[in-house]
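Visitor: Before I ask anything, here is the structure I am working with.
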Amino acid sequence: MRVNFVLSEVATGLRRNLTMTVAMILTTAISLGLMGTGLLIAGMISDMKEIYYDKVQVSIFLADDVTDEQRTAIETQLSDSPEVASFVYESKEEAYERFQQQFSQQPELVENTPPDALPESFRVELVNPERYSVVAAEFPNGQNGVDQVRDEGDFLDRLFSLLNGARNATIAVAVVQALAALLLISNTIQLAAFNRRNETNIMRLVGASRWYTQLPFILEAALAGLIGALLAVGGLVLTKVLFVDKTLAGPIKAGIIPPVDWSAIATISPIIAAAGVGLAAVAAYVTLRLYVRL
Amino acid sequence: MIELQHVTKLYPASARPALDDVSTEIDKGEFVFLIGSSGSGKSTFLRLLLKEDDPTRGTVVVNGKTLNTMSKWQVPKLRRTMGCVFQDFRLLRNRTVAENVAFALEVINKPHRTIKRVVPEVLEMVGLEGKAARLPHELSGGEQQRVAIARAFVNRPLVLLADEPTGNLDPETSEGIMLLLERINRTGTTVIMATHDYHIVDSMRRRVIELNGGQITRDQSRGVYGVGR
């Protein structure tokens with residue numbers, strides 16, 4: 001295979017329908033960028049699950065007028081319960097500290113909250129998170145110094161279903177964009193084949209192999225896919241630097257939202273690039289087989 | 001060498017067959033004129049030999065290979081043994097004479113050394129030495145056809161197919177082209193030429209196959225264009 005020949009054909013082809021090439025690259029970039037975002041959200045969700053589910057599943061908030069005996073009784077009951085894997089006690093002071101940290105970006109809220117407004121609590125990790133109701137039944141609300149038992153898993157489930165929804169929506173839009181990108185690639189390749197019909201006709205008549213005739217077109221699409229992928233990765237980097245790291249700095253610092261690591265972007269970049277190159281090349285190949293006589 | 005057995009070709013859009021039960025044989029090294037009015041089936045005949053199309057019925061054999069059963073990926077190999085020349089030359093406008101000829105070798109992966117050697121040789125043979133660096137539009141019609149012939153012949157094909165190669169040329173220029181085709185024929189290459197040019201057919205006195213409505217109505221060695229002309 002004559003590399004120079006094929007490469008010069010690719011370059012000529014891309015230059016000849018510049019507008020189509022740009023459109024093809026941009027749609028590919030948007031589609032891949034959204035795909036990358038979806039993958040990042042998916043990664044974030046699993047990080048968050050690790051952060052949250054591992055720590056707390058059930059919170060037992062104590063009443064303001066709880067006595068020392070009641071507190072000790074609850075502690076003993078938790079230690080003895082086969083359902084409980086571990087638990088920690090959080091005093092009013094510790095709760096306030098954590099609150100201050102969590103809402104450090106909203107100083108008015110912190111200022112307006114008196115230090116003793118937050119209840120003391122036991123943070124309980126269950127052997128099996130599904131058995132929440134059994135544990136809750138052991139500590140009836142409003143009795144024996146217990147104010148309220150809350151299943152944090154329930155709240156987390158709602159949070160995660162929201163995040164899952166966001167991820168799914170992003171991926172859905174990415175798929176629609178990908179469809180547009182594929183159609184554009186197909187169109188561009190047909191146009192390119194039409195522009196070069198003299199060359200390809202002659203190649204066909206003198207007995208150039210199918211591969212030789214098709215390769216420049218496929219490489220052309222693959223190159224556009226690669227450029228699209230690079231733009232998409234660039235977009236993700238910009239989103240991290242300009243949006244995630246700035247706007248979401250507070251919640252990330254407070255440990256509410258896991259940060260978007262460079263390593264996460266580095267991990268999904270090759271996936272994006274492979275998807276861009278692969279899809280474009282396959283779309284080009286199928287187009288050549290179906291619509292273009294080479 | 002080339003054999004058609006009861007070949008019929010129907011195009012979907014047309015009720016009348018382009019070729020209707022055509023059988024003939026052409027030996028290695030023959031020079032054959034394919035004549036007949038427009039739509040008589042000459043171009044279809046040539047297309048079937050190149051496997052640009054498959055016959056609806058019948059068998060086509062070229063260089064000992066049955067084209068009907070040939071798989072798609074073998075077609076390039078077949079075409080490397082055949083050269084094609086057309087009425088409209090079909091040169092690449094943005095490439096020089098030498099590049100046009102070299103193109104045919106580049107795309108079938110001939111080594112650079114070979115290309116460098118054979119391109120000037122074949123250009124000399126067709127009488128275009130010294131014009132290797134010209135672009136097609138700087139040449140006359142006859143010269144452009146010589147480039148096309150050089151490109152078709154540079155790979156030393158067993159068969160040269162010419163579809164009205166003199167259709168766009170004046171009589172004197174045509175004569176030059178015919179001398180060139182004759183010379184190629186003398187190297188042992190089978191030449192099959194579709195034409196309307198009765199001057200040429202009458203003066204060359206070679207085998208004539210006349211098609212009419214998709215059927216062979218005459219097959220004559222040392223024939224003329226019209227009977228009794």
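Residue numbers start at 1 in each chain; chains themselves are named A, B, ... in the order of the structure tokens; ligands are numbered from 1 in the order shown.
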Write out as a PyMOL selection string each polymer residue whose atoms come within 12 Å of region 173-176 of chain B, counting only C-alpha atoms; drop sequence neighbours fewer than 6 positions from it.
Guide: chain B and resi 87+126-127+140-146+164-167+182-183+195+197-201+203-204
Visitor: Please produce an output containing N, CA and C atoms for each residue in the selection, written as a PDB file, in the first residue's frame.
Guide:
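Contents of result15.pdb, as written:
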```pdb
ATOM      1  N   GLN B  87     -14.151   6.760 -25.720  1.00  0.00           N
ATOM      2  CA  GLN B  87     -14.308   7.900 -26.611  1.00  0.00           C
ATOM      3  C   GLN B  87     -13.895   9.205 -25.917  1.00  0.00           C
ATOM      4  N   VAL B 126       3.799   5.347 -27.626  1.00  0.00           N
ATOM      5  CA  VAL B 126       2.603   5.986 -28.186  1.00  0.00           C
ATOM      6  C   VAL B 126       2.949   7.337 -28.825  1.00  0.00           C
ATOM      7  N   GLY B 127       4.231   7.695 -28.841  1.00  0.00           N
ATOM      8  CA  GLY B 127       4.640   8.920 -29.517  1.00  0.00           C
ATOM      9  C   GLY B 127       4.445  10.175 -28.702  1.00  0.00           C
ATOM     10  N   SER B 140      -3.744  17.927 -27.689  1.00  0.00           N
ATOM     11  CA  SER B 140      -4.833  17.770 -28.651  1.00  0.00           C
ATOM     12  C   SER B 140      -5.619  16.508 -28.308  1.00  0.00           C
ATOM     13  N   GLY B 141      -6.801  16.364 -28.937  1.00  0.00           N
ATOM     14  CA  GLY B 141      -7.627  15.182 -28.685  1.00  0.00           C
ATOM     15  C   GLY B 141      -6.893  13.884 -28.991  1.00  0.00           C
ATOM     16  N   GLY B 142      -6.191  13.880 -30.124  1.00  0.00           N
ATOM     17  CA  GLY B 142      -5.462  12.681 -30.504  1.00  0.00           C
ATOM     18  C   GLY B 142      -4.383  12.333 -29.485  1.00  0.00           C
ATOM     19  N   GLU B 143      -3.704  13.383 -28.982  1.00  0.00           N
ATOM     20  CA  GLU B 143      -2.656  13.149 -27.990  1.00  0.00           C
ATOM     21  C   GLU B 143      -3.248  12.638 -26.681  1.00  0.00           C
ATOM     22  N   GLN B 144      -4.420  13.207 -26.325  1.00  0.00           N
ATOM     23  CA  GLN B 144      -5.067  12.740 -25.097  1.00  0.00           C
ATOM     24  C   GLN B 144      -5.440  11.268 -25.211  1.00  0.00           C
ATOM     25  N   GLN B 145      -5.918  10.881 -26.409  1.00  0.00           N
ATOM     26  CA  GLN B 145      -6.275   9.470 -26.588  1.00  0.00           C
ATOM     27  C   GLN B 145      -5.029   8.592 -26.520  1.00  0.00           C
ATOM     28  N   ARG B 146      -3.906   9.132 -26.984  1.00  0.00           N
ATOM     29  CA  ARG B 146      -2.658   8.364 -26.874  1.00  0.00           C
ATOM     30  C   ARG B 146      -2.275   8.153 -25.417  1.00  0.00           C
ATOM     31  N   GLU B 164     -15.344   2.974 -29.072  1.00  0.00           N
ATOM     32  CA  GLU B 164     -15.314   4.127 -29.983  1.00  0.00           C
ATOM     33  C   GLU B 164     -14.147   5.066 -29.690  1.00  0.00           C
ATOM     34  N   PRO B 165     -12.942   4.561 -29.771  1.00  0.00           N
ATOM     35  CA  PRO B 165     -11.782   5.384 -29.398  1.00  0.00           C
ATOM     36  C   PRO B 165     -11.542   6.545 -30.352  1.00  0.00           C
ATOM     37  N   THR B 166     -12.093   6.456 -31.562  1.00  0.00           N
ATOM     38  CA  THR B 166     -11.875   7.545 -32.526  1.00  0.00           C
ATOM     39  C   THR B 166     -13.115   8.408 -32.687  1.00  0.00           C
ATOM     40  N   GLY B 167     -14.101   8.174 -31.812  1.00  0.00           N
ATOM     41  CA  GLY B 167     -15.394   8.876 -31.950  1.00  0.00           C
ATOM     42  C   GLY B 167     -15.297  10.380 -31.881  1.00  0.00           C
ATOM     43  N   GLU B 182      -3.020  -1.093 -33.862  1.00  0.00           N
ATOM     44  CA  GLU B 182      -2.509  -2.207 -34.647  1.00  0.00           C
ATOM     45  C   GLU B 182      -1.163  -2.676 -34.101  1.00  0.00           C
ATOM     46  N   ARG B 183      -0.370  -1.695 -33.735  1.00  0.00           N
ATOM     47  CA  ARG B 183       0.945  -2.016 -33.203  1.00  0.00           C
ATOM     48  C   ARG B 183       0.811  -2.787 -31.884  1.00  0.00           C
ATOM     49  N   THR B 195     -17.039   0.434 -32.778  1.00  0.00           N
ATOM     50  CA  THR B 195     -16.880   1.656 -33.574  1.00  0.00           C
ATOM     51  C   THR B 195     -18.045   1.876 -34.533  1.00  0.00           C
ATOM     52  N   ASP B 197     -17.050   3.951 -37.142  1.00  0.00           N
ATOM     53  CA  ASP B 197     -16.233   4.578 -38.183  1.00  0.00           C
ATOM     54  C   ASP B 197     -15.988   3.612 -39.342  1.00  0.00           C
ATOM     55  N   TYR B 198     -16.814   3.711 -40.376  1.00  0.00           N
ATOM     56  CA  TYR B 198     -16.701   2.710 -41.444  1.00  0.00           C
ATOM     57  C   TYR B 198     -15.425   2.861 -42.262  1.00  0.00           C
ATOM     58  N   HIS B 199     -14.878   4.099 -42.360  1.00  0.00           N
ATOM     59  CA  HIS B 199     -13.607   4.268 -43.064  1.00  0.00           C
ATOM     60  C   HIS B 199     -12.554   3.347 -42.473  1.00  0.00           C
ATOM     61  N   ILE B 200     -12.503   3.381 -41.147  1.00  0.00           N
ATOM     62  CA  ILE B 200     -11.480   2.593 -40.451  1.00  0.00           C
ATOM     63  C   ILE B 200     -11.715   1.110 -40.681  1.00  0.00           C
ATOM     64  N   VAL B 201     -12.966   0.687 -40.500  1.00  0.00           N
ATOM     65  CA  VAL B 201     -13.277  -0.741 -40.631  1.00  0.00           C
ATOM     66  C   VAL B 201     -12.964  -1.216 -42.040  1.00  0.00           C
ATOM     67  N   SER B 203     -10.890   0.072 -44.208  1.00  0.00           N
ATOM     68  CA  SER B 203      -9.480   0.094 -44.619  1.00  0.00           C
ATOM     69  C   SER B 203      -8.655  -0.949 -43.881  1.00  0.00           C
ATOM     70  N   MET B 204      -9.101  -1.354 -42.688  1.00  0.00           N
ATOM     71  CA  MET B 204      -8.283  -2.289 -41.913  1.00  0.00           C
ATOM     72  C   MET B 204      -8.503  -3.749 -42.312  1.00  0.00           C
TER      73      MET B 204
END
```
Visitor: Using only C-alpha atoms, find the residues of chain A whose closest atom to chain B is at most 8 Å away, then write them as a VMD selection string.
Guide: chain A and resid 1 to 2 198 to 199 202 to 210 212
Visitor: Give me, please, the distance in Å between CA of Ile265 (chain A) and CA of Gly36 (chain A), quoted to one decimal.
Guide: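 Distance between the two atoms: 8.3 Å.
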Visitor: DSSP on the backbone: which residues in region 156-209 of chain B end up as helix (DSSP H, G or I)? Give the answer as a count of residues only.
Guide: 23
Visitor: Excluding region 79-82 of chain A and residues on its chain fewer than 6 positions from it, collect all residues at most 10 Å away from it, counting only C-alpha atoms, and give them as an MDAnalysis selection string.
Guide: chainID A and resid 73 126:127 135 138
Visitor: Could the residues in this selection be written to a file with all heavy atoms, as a PDB file, in the first residue's frame?
Guide:
```pdb
ATOM      1  N   ALA A  73     -28.728   3.145  76.945  1.00  0.00           N
ATOM      2  CA  ALA A  73     -29.589   2.008  76.600  1.00  0.00           C
ATOM      3  C   ALA A  73     -29.609   1.795  75.094  1.00  0.00           C
ATOM      4  O   ALA A  73     -29.502   0.656  74.604  1.00  0.00           O
ATOM      5  CB  ALA A  73     -31.012   2.249  77.121  1.00  0.00           C
ATOM      6  N   LEU A 126     -25.824  -0.883  58.638  1.00  0.00           N
ATOM      7  CA  LEU A 126     -26.503  -2.165  58.774  1.00  0.00           C
ATOM      8  C   LEU A 126     -25.725  -3.272  58.079  1.00  0.00           C
ATOM      9  O   LEU A 126     -24.969  -3.029  57.139  1.00  0.00           O
ATOM     10  CB  LEU A 126     -27.907  -2.092  58.166  1.00  0.00           C
ATOM     11  CG  LEU A 126     -28.844  -1.047  58.767  1.00  0.00           C
ATOM     12  CD1 LEU A 126     -30.224  -1.197  58.152  1.00  0.00           C
ATOM     13  CD2 LEU A 126     -28.926  -1.180  60.266  1.00  0.00           C
ATOM     14  N   VAL A 127     -25.921  -4.489  58.572  1.00  0.00           N
ATOM     15  CA  VAL A 127     -25.344  -5.642  57.891  1.00  0.00           C
ATOM     16  C   VAL A 127     -25.979  -5.749  56.510  1.00  0.00           C
ATOM     17  O   VAL A 127     -25.317  -5.938  55.504  1.00  0.00           O
ATOM     18  CB  VAL A 127     -25.593  -6.932  58.703  1.00  0.00           C
ATOM     19  CG1 VAL A 127     -25.095  -8.155  57.930  1.00  0.00           C
ATOM     20  CG2 VAL A 127     -24.926  -6.840  60.058  1.00  0.00           C
ATOM     21  N   VAL A 135     -34.872  -2.599  61.931  1.00  0.00           N
ATOM     22  CA  VAL A 135     -34.143  -1.766  62.881  1.00  0.00           C
ATOM     23  C   VAL A 135     -35.009  -0.611  63.359  1.00  0.00           C
ATOM     24  O   VAL A 135     -35.055  -0.290  64.554  1.00  0.00           O
ATOM     25  CB  VAL A 135     -32.847  -1.244  62.229  1.00  0.00           C
ATOM     26  CG1 VAL A 135     -32.095  -0.357  63.211  1.00  0.00           C
ATOM     27  CG2 VAL A 135     -31.987  -2.412  61.781  1.00  0.00           C
ATOM     28  N   GLU A 138     -37.277  -1.377  66.137  1.00  0.00           N
ATOM     29  CA  GLU A 138     -36.670  -1.516  67.462  1.00  0.00           C
ATOM     30  C   GLU A 138     -36.571  -0.179  68.197  1.00  0.00           C
ATOM     31  O   GLU A 138     -36.450  -0.150  69.407  1.00  0.00           O
ATOM     32  CB  GLU A 138     -35.260  -2.112  67.333  1.00  0.00           C
ATOM     33  CG  GLU A 138     -35.264  -3.594  66.983  1.00  0.00           C
ATOM     34  CD  GLU A 138     -33.839  -4.130  66.877  1.00  0.00           C
ATOM     35  OE1 GLU A 138     -32.985  -3.741  67.714  1.00  0.00           O
ATOM     36  OE2 GLU A 138     -33.576  -4.919  65.945  1.00  0.00           O
TER      37      GLU A 138
END
```
Visitor: Within 12 Å of Pro114 (chain A), counting only C-alpha atoms, which residues qualify if same-chain residues fewer than 5 places away don't, as a ChimeraX atom specification?
Guide: /A:92-93,95-97,99-100,108-109,119
Visitor: Can you spit out the residues from that selection as a short mmCIF file (atom, residue, chain, number, x, y, z; two decimals), in the first residue's frame, using N, CA, C and O atoms?
Guide:
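File again.cif, as written:
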```
data_model
loop_
_atom_site.label_atom_id
_atom_site.label_comp_id
_atom_site.auth_asym_id
_atom_site.auth_seq_id
_atom_site.Cartn_x
_atom_site.Cartn_y
_atom_site.Cartn_z
N LYS A 92 -24.06 16.93 69.44
CA LYS A 92 -24.57 18.18 68.88
C LYS A 92 -23.42 19.01 68.31
O LYS A 92 -23.55 19.61 67.24
N GLU A 93 -22.27 19.04 69.02
CA GLU A 93 -21.14 19.86 68.59
C GLU A 93 -20.58 19.33 67.26
O GLU A 93 -20.29 20.10 66.35
N ALA A 95 -22.16 17.51 65.10
CA ALA A 95 -23.15 17.74 64.05
C ALA A 95 -23.04 19.16 63.51
O ALA A 95 -23.08 19.40 62.30
N TYR A 96 -22.84 20.12 64.43
CA TYR A 96 -22.75 21.52 64.03
C TYR A 96 -21.49 21.75 63.19
O TYR A 96 -21.51 22.47 62.19
N GLU A 97 -20.40 21.10 63.60
CA GLU A 97 -19.15 21.23 62.88
C GLU A 97 -19.29 20.76 61.42
O GLU A 97 -18.86 21.41 60.48
N PHE A 99 -22.02 20.47 59.81
CA PHE A 99 -22.96 21.37 59.14
C PHE A 99 -22.22 22.61 58.61
O PHE A 99 -22.40 23.02 57.47
N GLN A 100 -21.37 23.15 59.48
CA GLN A 100 -20.58 24.33 59.07
C GLN A 100 -19.74 24.04 57.84
O GLN A 100 -19.65 24.84 56.93
N GLU A 108 -24.54 32.82 55.48
CA GLU A 108 -25.75 33.34 56.16
C GLU A 108 -26.49 32.22 56.86
O GLU A 108 -26.96 32.36 57.98
N LEU A 109 -26.56 31.09 56.13
CA LEU A 109 -27.26 29.94 56.69
C LEU A 109 -26.57 29.47 57.98
O LEU A 109 -27.21 29.21 59.00
N PRO A 119 -29.60 18.03 66.13
CA PRO A 119 -29.75 16.98 67.13
C PRO A 119 -28.52 16.07 67.19
O PRO A 119 -27.79 15.94 66.22
#
```
Visitor: Identify, on the basis of only C-alpha atoms, every residue whose closest approach to Val244 (chain A) does not exceed 8 Å; exclude the query and any residue fewer than 5 positions from it along the same chain; express the result as a PDB file with N, CA, C and O atoms, in the first residue's frame.
Guide:
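Done, and the output landed in part03.pdb:
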```pdb
ATOM      1  N   THR A 239     -15.085  22.013  30.466  1.00  0.00           N
ATOM      2  CA  THR A 239     -16.214  21.918  31.386  1.00  0.00           C
ATOM      3  C   THR A 239     -15.720  21.688  32.810  1.00  0.00           C
ATOM      4  O   THR A 239     -16.215  22.284  33.759  1.00  0.00           O
ATOM      5  N   ALA A 249     -17.309  23.984  43.378  1.00  0.00           N
ATOM      6  CA  ALA A 249     -16.171  23.847  44.280  1.00  0.00           C
ATOM      7  C   ALA A 249     -16.615  23.573  45.721  1.00  0.00           C
ATOM      8  O   ALA A 249     -16.049  22.716  46.402  1.00  0.00           O
ATOM      9  N   PRO A 259     -15.295  14.941  43.318  1.00  0.00           N
ATOM     10  CA  PRO A 259     -14.734  15.777  42.257  1.00  0.00           C
ATOM     11  C   PRO A 259     -14.605  14.977  40.948  1.00  0.00           C
ATOM     12  O   PRO A 259     -14.602  13.753  40.968  1.00  0.00           O
ATOM     13  N   VAL A 260     -14.538  15.729  39.835  1.00  0.00           N
ATOM     14  CA  VAL A 260     -14.243  15.070  38.556  1.00  0.00           C
ATOM     15  C   VAL A 260     -12.727  15.054  38.417  1.00  0.00           C
ATOM     16  O   VAL A 260     -12.107  16.096  38.264  1.00  0.00           O
TER      17      VAL A 260
END
```
Visitor: Would you list the contacts of region 173-185 of chain A as a list in words, taking every protein, DNA or RNA residue within 7 Å and counting only C-alpha atoms, but skipping same-chain residues closer than 6 positions in sequence?
Guide: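 The filter keeps Met24, Thr27, Thr28, Ser31, Leu32, Leu34, Met35, Ala221, Ala280, Ala283 and Ala284 of chain A.
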Visitor: Using only C-alpha atoms, which of the listed residues (B:Leu67, B:Ala15, B:Val32, B:Leu4) sits closest to Ser221 (chain B)?
Guide: B:Val32
Visitor: Find the residues around Thr188 (chain A) up to 10 Å (only C-alpha atoms counted), leave out those fewer than 4 positions away in its own chain, and share them as a list in words.
Guide: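 What passes the distance filter is Gly13, Leu14, Asn17, Leu18, Thr19, Met20, Thr21, Ala23, Met24, Leu182, Leu183, Leu184, Ala192, Ala193, Phe194, Phe217, Glu220, Ala221, Ala284 and Thr287 of chain A.
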Visitor: Take the residues that were just selected and, keeping C-alpha atoms, output them as a PDB file, in the first residue's frame.
Guide:
```
ATOM      1  CA  GLY A  13     -10.938  14.726   0.042  1.00  0.00           C
ATOM      2  CA  LEU A  14     -11.232  16.552   3.362  1.00  0.00           C
ATOM      3  CA  ASN A  17     -15.834  19.466   0.933  1.00  0.00           C
ATOM      4  CA  LEU A  18     -14.636  21.566   3.779  1.00  0.00           C
ATOM      5  CA  THR A  19     -18.091  22.694   4.938  1.00  0.00           C
ATOM      6  CA  MET A  20     -19.404  19.152   5.113  1.00  0.00           C
ATOM      7  CA  THR A  21     -16.240  18.038   6.848  1.00  0.00           C
ATOM      8  CA  ALA A  23     -20.279  19.860  10.025  1.00  0.00           C
ATOM      9  CA  MET A  24     -19.336  16.218  10.330  1.00  0.00           C
ATOM     10  CA  LEU A 182     -23.565   9.106  11.235  1.00  0.00           C
ATOM     11  CA  LEU A 183     -25.949  10.464   8.597  1.00  0.00           C
ATOM     12  CA  LEU A 184     -23.641  13.396   7.997  1.00  0.00           C
ATOM     13  CA  ALA A 192     -16.516  12.712  -1.600  1.00  0.00           C
ATOM     14  CA  ALA A 193     -17.014   9.606  -3.726  1.00  0.00           C
ATOM     15  CA  PHE A 194     -18.934  11.675  -6.267  1.00  0.00           C
ATOM     16  CA  PHE A 217     -12.650   7.390   2.087  1.00  0.00           C
ATOM     17  CA  GLU A 220     -11.118  10.368   5.740  1.00  0.00           C
ATOM     18  CA  ALA A 221     -14.119   9.572   7.934  1.00  0.00           C
ATOM     19  CA  ALA A 284     -18.066   5.163   5.850  1.00  0.00           C
ATOM     20  CA  THR A 287     -21.988   3.795   2.963  1.00  0.00           C
TER      21      THR A 287
END
```
